Amino acid sequence: MKRNTVCRLCSSCCPVEVEVSDNRLLAARRRSPLPPEQQWPCPKLAAAARITHAPERLRRPLLRAGGRRDGTWREVDWNEALDWVAERFRHFRSRHGAESVCWLRGMAADWGAPWDYVNRLMNAFGSPNTIGNGSVCHVAREMAHTYTYGAMTLPQARDARCILVWGKNDMNTNPPACDAILEACRQGTKLIVVDPVRTGLAERADLWLPIKPGHDGLLAMAMIHEILANDLHDAAFVRDWTLGLEDLRRTAASFTPEAVAEALWLRAEDIRAAARMYATTAPACIIDGNGLDMQLQVFQDTRAVCLLRALTGNLDRPGGDLLPQPVPTRNLQLRERLPAERAPITSAYPLFNRFHSNWGLHAQSCIPDAILDGRPYPVRMLVVQSGNPAVTMADSGRVREALAKVQCLVVIDPFLTRTAAFADVVLPACGCFEKTQLNRAALRHNRVVLQDQILPPIGDSRPDWWIIFELARRLGLEREFPWTTVEEAIDEQLQPAGITVADLRRHPEGLSVAETAFQKFLQRGFATPSGKVELFSARLAEAGHAGVPYDDGWPADPIGFADQAAELPWIGISGPRSGRFTHSQFHRIPDLLNDEPEGRVDIHPQDAVQQCIVDGDLLRISTPRGELRLKARIWDGVPVGALLIGWGWGETDPAGNLNDLTDDHRRNAVTATPSSRTFYCRMEKVLPSPPA
Ligand SMILES: Nc1nc2c(c(=O)[nH]1)N[C@H]1C(S)=C(S)[C@@H](COP(=O)(O)OP(=O)(O)OC[C@H]3O[C@@H](n4cnc5c(=O)[nH]c(N)nc54)[C@H](O)[C@@H]3O)O[C@H]1N2
Ligand SMILES: Nc1nc2c(c(=O)[nH]1)N[C@H]1C(S)=C(S)[C@@H](COP(=O)(O)OP(=O)(O)OC[C@H]3O[C@@H](n4cnc5c(=O)[nH]c(N)nc54)[C@H](O)[C@@H]3O)O[C@H]1N2
Ligand code: SF4
Ligand SMILES: [Mo]
């Protein structure tokens with residue numbers, strides 16, 4: 001039988017058709033207007049059956065057999081497991097206040113409806129500490145877009161004449177988006193790629209800027225300089241719809257391509273060529289990505305990139321960058337229930353906490369601070385849902401200390417991960433094909449697509465929504481959680497849109513709430529305090545941040561451990577993602593390991609010769625935080641002087657955990673983002689020990 005749903009094995013949320021027989025997933029393929037041979041492939045989707053039916057899937061709730069430090073588990077039923085968790089919630093609330101309980105949410109269960117349910121549960125319980133991992137993912141970037149023109153834009157690559165890809169590799173991370181880029185390129189659209197690494201897209205680009213890692217804001221400011229100095233901007237749009245042109249001109253004056261080229265490892269003429277190609281080919285869109293995230297400068301860097309869209313008049317134009325038309329939904333989070341004086345542990349980042357009506361809190365680095373240092377106050381109980389912070393959070397050695405120290409740890413995950421190994425109780429969650437939910441991608445623009453359950457739960461696992469609803473009832477929150485099925489909850493959430501789950505099941509291709517409209521600002525302006533695009537942001541300036549990106553100058557230390565660069569001669573580039581794995585996930589799935597059995601460190605041939613390194617040599621890479629060991633791969637697609645370090649292997653290879661190297665002491669002042677993407681490090685070859 002073939003069924004339609006949405007794949008959530010990674011955050012791309014692709015609509016898929018799945019073949020099921022005898023309660024087993026047999027095969028899945030992406031639904032796409034393109035014939036299969038023209039679709040960019042996804043190895044994870046091809047392995048969906050192996051992932052879903054993996055023998056390592058947890059089938060029953062697990063409770064420590066003999067207390068926290070005990071190495072053995074006891075399988076228990078859901079009643080015992082959830083009663084135990086609810087009792088702990090009440091215990092910590094009565095002893096230390098509800099805020100001593102914190103919920104950390106990774107990326108895998110999505111930030112749509114399921115995220116609202118967790119916030120609702122925690123807010124009704126009385127704790128403000130429901131925290132996502134968006135400070136290292138796109139939420140920090142989303143805030144920069146929002147502060148500039150009201151919302152994060154959606155690039156219209158298919159209709160663009162010029163595509164500027166900035167720190168994004170859709171060939172590995174988003175096949176449908178990759179299809180759109182390649183289709184546009186076949187029609188003659190120009191492609192510019194800003195990436196230190198020669199990705200597949202960089203290879204196809206008309207212009208590739210192999211930028212020095214972590215220096216994107218400097219490049220964006222130099223491009224702004226080139227555009228303004230040569231009057232390449234859209235003067236009418238800038239006059240009518242932006243605020244702060246003169247401030248921007250003044251700041252950009254010192255960022256001439258000549259002045260910054262060397263610091264960027266680029267040639268001034270290439271910077272100029274990129275600025276000209278982007279500004280003079282209309283319409284043009286910018287696809288910005290995770291290459292900007294996890295950088296100390298993520299917020300101002302992204303602001304600078306966003307300003308390019310405004311200067312060139314590409315905002316909300318066909319073939320440019322569309323301002324989304326979100327589906328109207330009921331906000332279920334009950335934030336108003338929290339007493340105003342109950343500040344979250346992320347209160348040092350007030351603008352980030354509040355920039356969006358339902359994103360909630362994302363400064364996840366505050367969690368180890370609260371557990372280990374009691375800053376700003378102690379967290380004593382932690383629930384980790386759909387995340388693997390022991391591997392994926394910056395300075396993961398310190399994170400593991402926190403996981404060991406917190407008095408009570410609950411983990412909700414389909415697998416017994418390295419994070420779960422610290423837990424008191426592990427609740428087995430269903431995978432994405434075993435549950436119905438509305439994911440963020442389905443709500444963000446005007447088309448709602450249902451992620452529909454197509455398989456029964458594996459073993460005795462349960463969907464995230466069910467776990468939350470049942471826990472809520474045990475906490476006496478029956479009134480807040482009156483729903484017995486997820487369909488009822490989704491119907492309530494979608495009520496303002498006039499769409500029901502039944503409608504969505506009749507329309508697996510999705511339902512639109514409105515026709516896609518462009519230039520919406522002509523009627524209602526931009527969703528900023530001034531109603532204009534804020535080249536200069538008074539809100540930021542008043543809060544003590546740069547009103548125009550880098551009006552306080554380019555920092556001397558934009559990347560991790562810059563203060564110790566003299567002893568750390570290499571630049572480590574974290575990741576990027578492989579098409580086969582999602583962060584720490586799937587590294588035990590045989591089909592996915594066939595072509596990529598272990599993590600590698602890519603090093604330029606010139607560096608390899610100088611260091612006497614050959615392919616397969618074991619390298620030790622270290623920073624003041626820790627070290628890892630992975631084998632070398634010689635590749636001329638990485639810059640000289642940089643090491644491209646394989647991402648996500650720390651789950652199955654504790655000696656190869658990238659975040660054992662990263663720093664979480666220095667953070668972006670607006671978004672709490674650490675320098676996990678780019679940092680100075682040491683490298684040496686591990687010599688084989690002589691035979692005994
Ligand atoms: N150095 C460095 N650090 C990084 C990154 C990097 O590139 N370099 N990337 C960063 C980014 S962008 C992100 S988003 C984070 C990701 O960090 P995490 O969110 O921790 O990501 P994963 O490793 O994918 O862990 C997801 C967990 O959820 C489980 N899971 C899968 N599906 C479900 C489900 O439906 N329900 C539940 N309850 N659990 C589920 C999986 O088994 C897995 O254990 O890592 C960040 N950290
Ligand atoms: N297969 C797979 N797909 C995924 C995921 C996954 O883990 N695996 N994760 C999902 C998630 S949570 C996310 S956030 C997205 C991320 O999706 P992408 O944004 O595509 O993320 P990456 O591939 O990590 O990084 C993008 C590019 O940034 C480049 N880069 C590195 N440093 C810099 C820099 O300093 N400047 C610039 N300009 N570029 C730099 C990298 O070389 C890489 O080519 O992918 C999602 N899709
Ligand atoms: S890119 Fe692949 S794994 Fe990710 S959602 Fe799409 S089909 Fe699933
Ligand atoms: Mo992410």
# chains A, B, ... in the order shown; residues from 1 in each chain; ligands from 1
>>> select_by_dssp(residues="segment 372-560 of chain A", states="helix (DSSP H, G or I)", output="VMD selection string")
chain A and resid 372 to 373 389 to 392 396 to 405 420 to 422 432 to 434 440 to 444 464 to 474 486 to 497 501 to 506 521 to 524 538 to 542
>>> residues_near_ligand(ligand="ligand 3", cutoff="8 Å", atoms="only C-alpha atoms and all ligand atoms", output="ChimeraX atom specification")
/A:6-16,29-30,41-45,172-176,579,582
>>> atom_distance(atom1="atom 1 (N, counted along the ligand's line) of ligand 2", atom2="atom CA of Asp413 of chain A")
19.3 Å
>>> closest_residue(among="A:Glu183, A:Arg400, A:Leu471, A:Trp111", to="Phe89 of chain A", atoms="only C-alpha atoms")
A:Leu471
>>> atom_distance(atom1="atom CA of Leu232 of chain A", atom2="atom CA of Ala274 of chain A")
12.3 Å
>>> closest_atom_pairs(of="segment 520-635 of chain A", to="segment 139-162 of chain A", cutoff="12 Å", atoms="only C-alpha atoms", output="CSV")
residue,atom,partner,partner_atom,distance
A:Lys520,CA,A:Gly150,CA,12.0
A:Phe521,CA,A:Tyr149,CA,9.9
A:Arg524,CA,A:Gly150,CA,11.6
A:Gly525,CA,A:Tyr149,CA,9.4
A:Phe526,CA,A:Tyr149,CA,5.8
A:Ala527,CA,A:Gly150,CA,4.2
A:Thr528,CA,A:Gly150,CA,5.2
A:Pro529,CA,A:Gly150,CA,8.9
A:Ser530,CA,A:Tyr149,CA,9.8
A:Gly531,CA,A:Tyr149,CA,8.3
A:Lys532,CA,A:Tyr149,CA,6.9
A:Val533,CA,A:Tyr149,CA,4.7
A:Glu534,CA,A:Thr148,CA,5.0
A:Leu535,CA,A:Thr148,CA,6.7
A:Phe536,CA,A:Thr148,CA,8.4
A:Ser537,CA,A:Tyr147,CA,7.5
A:Ala538,CA,A:Tyr147,CA,10.1
A:Arg539,CA,A:Tyr147,CA,8.5
A:Leu540,CA,A:Tyr147,CA,8.5
A:Ala541,CA,A:Tyr147,CA,11.8
A:Gly547,CA,A:Tyr147,CA,10.5
A:Val548,CA,A:Thr148,CA,10.2
A:Pro549,CA,A:Ala144,CA,10.4
>>> residues_around(residues="segment 564-575 of chain A", least_positions_apart="5", cutoff="9 Å", atoms="only C-alpha atoms", output="list of chain:residue names")
A:Pro196, A:Pro213, A:Ile559, A:Ile621, A:Ser622, A:Thr623, A:Gly641, A:Ala642, A:Leu643, A:Leu644, A:Ile645, A:Gly646, A:Trp647, A:Gly648, A:Leu658, A:Asn659, A:Ser676, A:Arg677, A:Thr678, A:Phe679, A:Tyr680, A:Cys681, A:Arg682, A:Met683
>>> closest_residue(among="A:His362, A:Arg267, A:Arg68, A:Arg447", to="Pro326 of chain A", atoms="only C-alpha atoms")
A:Arg447
>>> residues_near_ligand(ligand="ligand 1", cutoff="8 Å", atoms="only C-alpha atoms and all ligand atoms", output="PyMOL selection string")
chain A and resi 8-10+105-110+133-134+136-138+290+293-294+385-394+412-417+419+428-432+463-464+574-577+582-585+647-648+658-659+662+676-677
>>> atom_distance(atom1="atom CA of Leu361 of chain A", atom2="atom 19 (O, counted along the ligand's line) of ligand 2")
21.1 Å
>>> residues_around(residues="Cys102 of chain A", least_positions_apart="5", cutoff="10 Å", atoms="only C-alpha atoms", output="VMD selection string")
chain A and resid 89 122 127 to 131 344 to 345 367 370 379 to 384 409
>>> residues_around(residues="Glu509 of chain A", least_positions_apart="4", cutoff="12 Å", atoms="only C-alpha atoms", output="ChimeraX atom specification")
/A:3-6,14-17,31-33,442,447-452,503-505
>>> closest_residue(among="A:Ser396, A:Gln606, A:Ser578, A:Gln187", to="Asn169 of chain A", atoms="only C-alpha atoms")
A:Ser578
>>> residues_around(residues="Ile458 of chain A", least_positions_apart="6", cutoff="9 Å", atoms="only C-alpha atoms", output="ChimeraX atom specification")
/A:52-53,57-59,430-431,434
>>> closest_residue(among="A:Asp195, A:Glu75, A:Asp70, A:Asp491", to="ligand 2", atoms="only C-alpha atoms and all ligand atoms")
A:Asp195
